[in-house]
Amino acid sequence: MNINATLAANKITGARVEVYTCGMLAQKTRVLPPSSRKSRPVYASFPIIYHNTSIGMLHLVQPQTLSRSELQKFNCVTKKLALIIKRYQATTLSNHYLGKTVNITPYSDHTLKLDAFIEIAASTRCPVIIRGEFGSEKLSVASAIHYNSTLKHQPFIEIDCSTPCLSAFEKNISRCFEQGRGGSLFLHAIDELPLPQQLLLTQLIQAQQSVNDKTEKHIRFLISTTRSLTRQVISGEFSRQLYLKLNYLNIQLAPLNERKQDIPEIVEKLMNRHRLYPEQSLSEHVKEAFCRYHWPGNYQQLERVLIRLLTLAGSNPIQLTDLHHSAPEMRPAPDKATSKTVPAANKAGSGPGAKSPFIPDLITQIINKNHQAFDDLHPALQQALCYIAENYCSQVSLQQLADQLGISASHLCALFKSQLNNSYKQIITELKIEKARRLFISTPLARVSDVAEKSGFGDISHFEKAFKRFTDCTPRAFKSALSHARPPVN
């Protein structure tokens, strides 16, 4: 920790410094010897404060001529050092307890502001909502909050909220509540949680608050979402009661596309972690390509692409041809191909952070099995869409689809996001909704439950929620509108 902090301090101050990270009581800045009115060479020590507690001292051991105003600037430096040191602590504890690294890498202003929020959130036990795009560092932020808090040696348990089965979710959440007593629960993708599961979660939180009087036995909730929960409450997709129980602290993570100045340092850190041999490196053209690319899958996509590149590359330094072979989505495409691969996404004006748009052309082409429309896509993605066209009403997970194609699920996920600007789950849901819509039109007297089953929805509440999300009306309202639009029978 001393080495990391010293390097960071040198980078920030440009001066030779030493950092002692011993436990000391907070104290005022000490200047030795006492300064006079005139500027003179001095030795100075500055406390490094985090959570209003000194976690060490920064000692300036190189005599310099410093004015009083210059000395005061070191208070800002020690604040940044405190954030960097605690980031290192969170990474160490996360590696120890979870086997995962906290992926908060550069020292840019944006990242240091994120560290400052983590300090605030770590000082309390109230819930924190972490909002960010698909693939952003939401888990890293949640674990950094936990491992910089007083709960750092208590359990940190992650729960996937996208589970559609109520009984499976109930069994899992009850077990996690029991195991997580006194620690933190990370509710991942809570915006995907169906309403019945939301009701169950609300009841469990209420039970915890009423039964446990001792706060050390309470569970701290950290929540991630890709969509605005406020908008979901307004649209009826998210429980207002659950939202009120969770809405205390909020942080919005900027997508990687909006902080490209961080990419060189992220790539450098990932290279140090994943390179196959010490001399393996990237050419300048490859580094520039990494900085230019828009990274729809954010940090997770960047890491996957780099790992695949380091594994498959046949040259050193690694060249652009290696990059384009292992990551075709990063290959510059002609305008014609670009317009075919992402038709609705760019025309709809969806930027970073926007909700994935509905793509009627793509959905229609899949349902109609117009395989020629996929010719300009990556070969693996072409095979995936052809398979989906035959099996989208079945319960096929992304991992099962990837196994069918003989590629990794992470690679396939990146292809969906980069070339279609959509996730696999989103496309499957849109296909099922379109099939349901066509069934209602062709058989207007069919029961809603029958249409849900034929469309591949095992849960009626999930079907109603998804149908309203994509058509702006409930299935029953859609049926009613169709019946009024049909001409009377003579």
# chains A, B, ... in the order shown; residues from 1 in each chain; ligands from 1
call {"tool": "residues_around", "arguments": {"residues": "Gln89 in chain A", "least_positions_apart": "4", "cutoff": "9 Å", "atoms": "only C-alpha atoms", "output": "list in words"}}
result
Met1, Ile84, Ile85, Leu93, Ser94, Ala144, Tyr147 and Asn148 of chain A
call {"tool": "select_by_dssp", "arguments": {"residues": "range 221-275 of chain A", "states": "alpha helix (DSSP H)", "output": "list in words"}}
result
Leu229, Thr230, Arg231, Gln232, Val233, Ile234, Ser235, Arg240, Gln241, Leu242, Tyr243, Leu244, Lys245, Leu246, Ile263, Pro264, Glu265, Ile266, Val267, Glu268, Lys269, Leu270, Met271, Asn272, Arg273 and His274 of chain A
call {"tool": "select_by_dssp", "arguments": {"residues": "range 105-266 of chain A", "states": "strand (DSSP E)", "output": "PyMOL selection string"}}
result
chain A and resi 128-131+156-160+184-188+220-225+249-252
call {"tool": "residues_around", "arguments": {"residues": "range 456-468 of chain A", "least_positions_apart": "6", "cutoff": "12 Å", "atoms": "only C-alpha atoms", "output": "PyMOL selection string"}}
result
chain A and resi 162-167+192-197+232+235-238+391-396+425-426+428-437+440+447-450+474-479
call {"tool": "atom_distance", "arguments": {"atom1": "CA of Ser210 in chain A", "atom2": "CA of His188 in chain A"}}
result
24.7 Å
call {"tool": "closest_residue", "arguments": {"among": "A:Gly135, A:His146, A:Phe374, A:Thr443", "to": "Ala414 in chain A", "atoms": "only C-alpha atoms"}}
result
A:Gly135
call {"tool": "residues_around", "arguments": {"residues": "Thr230 in chain A", "least_positions_apart": "5", "cutoff": "12 Å", "atoms": "only C-alpha atoms", "output": "list in words"}}
result
Ile129, Arg131, Asp191, Thr225, Ser235, Gly236, Glu237, Phe238, Ser239, Arg240, Gln241, Leu242, Tyr243, Leu244, Leu246, Asn247 and Asn250 of chain A
call {"tool": "residues_around", "arguments": {"residues": "range 292-295 of chain A", "least_positions_apart": "4", "cutoff": "12 Å", "atoms": "only C-alpha atoms", "output": "VMD selection string"}}
result
chain A and resid 133 to 136 255 to 261 263 to 264 285 to 288 299 to 305 327 329 to 332 351 to 352 414 to 415 417 to 419 421
call {"tool": "write_last_selection", "arguments": {"atoms": "N, CA and C atoms", "output": "tab-separated table (two decimals), in the first residue's frame"}}
result
chain	number	residue	atom	x	y	z
A	133	GLU	N	-25.01	1.78	-17.47
A	133	GLU	CA	-25.30	0.99	-18.66
A	133	GLU	C	-24.83	-0.45	-18.48
A	134	PHE	N	-25.30	-1.31	-19.39
A	134	PHE	CA	-24.88	-2.69	-19.42
A	134	PHE	C	-23.36	-2.77	-19.49
A	135	GLY	N	-22.75	-3.59	-18.61
A	135	GLY	CA	-21.31	-3.79	-18.63
A	135	GLY	C	-20.49	-2.77	-17.89
A	136	SER	N	-21.13	-1.77	-17.29
A	136	SER	CA	-20.37	-0.77	-16.52
A	136	SER	C	-19.98	-1.34	-15.16
A	255	PRO	N	-20.99	6.15	-18.93
A	255	PRO	CA	-20.53	5.06	-19.82
A	255	PRO	C	-19.11	5.31	-20.28
A	256	LEU	N	-18.44	4.24	-20.68
A	256	LEU	CA	-17.04	4.35	-21.09
A	256	LEU	C	-16.90	5.26	-22.30
A	257	ASN	N	-17.92	5.32	-23.13
A	257	ASN	CA	-17.88	6.17	-24.32
A	257	ASN	C	-17.78	7.65	-23.97
A	258	GLU	N	-18.18	8.03	-22.75
A	258	GLU	CA	-18.14	9.43	-22.33
A	258	GLU	C	-16.89	9.75	-21.51
A	259	ARG	N	-16.03	8.79	-21.28
A	259	ARG	CA	-14.79	9.03	-20.53
A	259	ARG	C	-13.64	8.28	-21.20
A	260	LYS	N	-13.47	8.58	-22.48
A	260	LYS	CA	-12.44	7.88	-23.25
A	260	LYS	C	-11.03	8.20	-22.78
A	261	GLN	N	-10.88	9.30	-22.01
A	261	GLN	CA	-9.56	9.62	-21.48
A	261	GLN	C	-9.11	8.57	-20.46
A	263	ILE	N	-9.53	5.29	-20.95
A	263	ILE	CA	-9.29	4.00	-21.62
A	263	ILE	C	-7.81	3.60	-21.63
A	264	PRO	N	-6.86	4.51	-21.92
A	264	PRO	CA	-5.45	4.07	-21.92
A	264	PRO	C	-5.01	3.45	-20.60
A	285	HIS	N	-1.33	1.55	-33.11
A	285	HIS	CA	-2.58	1.55	-33.89
A	285	HIS	C	-3.69	0.82	-33.13
A	286	VAL	N	-3.34	-0.27	-32.45
A	286	VAL	CA	-4.34	-1.00	-31.67
A	286	VAL	C	-4.80	-0.16	-30.48
A	287	LYS	N	-3.86	0.51	-29.82
A	287	LYS	CA	-4.23	1.37	-28.69
A	287	LYS	C	-5.17	2.48	-29.14
A	288	GLU	N	-4.88	3.05	-30.30
A	288	GLU	CA	-5.76	4.11	-30.83
A	288	GLU	C	-7.14	3.56	-31.16
A	299	TYR	N	-17.00	-1.45	-19.74
A	299	TYR	CA	-15.77	-2.06	-19.20
A	299	TYR	C	-15.73	-3.57	-19.45
A	300	GLN	N	-16.85	-4.24	-19.24
A	300	GLN	CA	-16.85	-5.70	-19.40
A	300	GLN	C	-16.51	-6.10	-20.84
A	301	GLN	N	-17.05	-5.37	-21.81
A	301	GLN	CA	-16.74	-5.67	-23.21
A	301	GLN	C	-15.27	-5.41	-23.50
A	302	LEU	N	-14.74	-4.29	-23.01
A	302	LEU	CA	-13.33	-3.98	-23.24
A	302	LEU	C	-12.44	-5.09	-22.69
A	303	GLU	N	-12.73	-5.56	-21.49
A	303	GLU	CA	-11.90	-6.62	-20.89
A	303	GLU	C	-12.01	-7.91	-21.70
A	304	ARG	N	-13.22	-8.27	-22.13
A	304	ARG	CA	-13.39	-9.50	-22.91
A	304	ARG	C	-12.63	-9.42	-24.23
A	305	VAL	N	-12.74	-8.26	-24.91
A	305	VAL	CA	-12.05	-8.09	-26.19
A	305	VAL	C	-10.54	-8.19	-26.00
A	327	ALA	N	-11.86	-9.53	-32.87
A	327	ALA	CA	-13.01	-8.68	-32.50
A	327	ALA	C	-13.55	-8.02	-33.75
A	329	GLU	N	-16.31	-6.86	-34.48
A	329	GLU	CA	-17.17	-5.70	-34.24
A	329	GLU	C	-16.38	-4.39	-34.23
A	330	MET	N	-15.05	-4.46	-34.06
A	330	MET	CA	-14.23	-3.26	-34.03
A	330	MET	C	-13.65	-2.94	-35.41
A	331	ARG	N	-13.96	-3.75	-36.40
A	331	ARG	CA	-13.47	-3.50	-37.76
A	331	ARG	C	-14.27	-2.35	-38.38
A	332	PRO	N	-13.61	-1.34	-38.93
A	332	PRO	CA	-14.34	-0.25	-39.59
A	332	PRO	C	-15.23	-0.81	-40.68
A	351	GLY	N	-28.52	7.35	-27.55
A	351	GLY	CA	-27.14	7.54	-27.15
A	351	GLY	C	-26.84	6.76	-25.90
A	352	PRO	N	-25.65	6.97	-25.34
A	352	PRO	CA	-25.30	6.26	-24.12
A	352	PRO	C	-26.28	6.55	-23.01
A	414	ALA	N	-21.37	-9.73	-26.42
A	414	ALA	CA	-20.74	-8.54	-26.99
A	414	ALA	C	-21.18	-8.31	-28.44
A	415	LEU	N	-21.36	-9.39	-29.20
A	415	LEU	CA	-21.82	-9.26	-30.59
A	415	LEU	C	-23.22	-8.67	-30.65
A	417	LYS	N	-24.64	-6.69	-28.48
A	417	LYS	CA	-24.62	-5.28	-28.07
A	417	LYS	C	-23.93	-4.40	-29.11
A	418	SER	N	-22.83	-4.91	-29.72
A	418	SER	CA	-22.06	-4.07	-30.62
A	418	SER	C	-22.68	-3.95	-32.01
A	419	GLN	N	-23.26	-5.06	-32.54
A	419	GLN	CA	-23.76	-5.04	-33.92
A	419	GLN	C	-25.26	-4.82	-34.01
A	421	ASN	N	-26.95	-3.36	-31.15
A	421	ASN	CA	-27.26	-2.36	-30.12
A	421	ASN	C	-28.40	-2.84	-29.22
call {"tool": "closest_atom_pairs", "arguments": {"of": "range 141-166 of chain A", "to": "range 170-176 of chain A", "cutoff": "10 Å", "atoms": "only C-alpha atoms", "output": "CSV"}}
result
residue,atom,partner,partner_atom,distance
A:Pro155,CA,A:Cys176,CA,9.9
A:Phe156,CA,A:Cys176,CA,9.8
A:Ile157,CA,A:Cys176,CA,7.0
A:Glu158,CA,A:Cys176,CA,8.5
A:Ile159,CA,A:Ile173,CA,7.4
A:Asp160,CA,A:Asn172,CA,9.5
A:Cys161,CA,A:Ile173,CA,9.4
A:Thr163,CA,A:Asn172,CA,10.0
A:Cys165,CA,A:Glu170,CA,8.6
A:Leu166,CA,A:Glu170,CA,6.0
call {"tool": "atom_distance", "arguments": {"atom1": "CA of Lys138 in chain A", "atom2": "CA of Leu253 in chain A"}}
result
7.7 Å
call {"tool": "atom_distance", "arguments": {"atom1": "CA of Ser408 in chain A", "atom2": "CA of Arg308 in chain A"}}
result
10.4 Å
call {"tool": "closest_residue", "arguments": {"among": "A:Ser123, A:Ser69, A:Gln203, A:Lys152", "to": "His96 in chain A", "atoms": "only C-alpha atoms"}}
result
A:Lys152
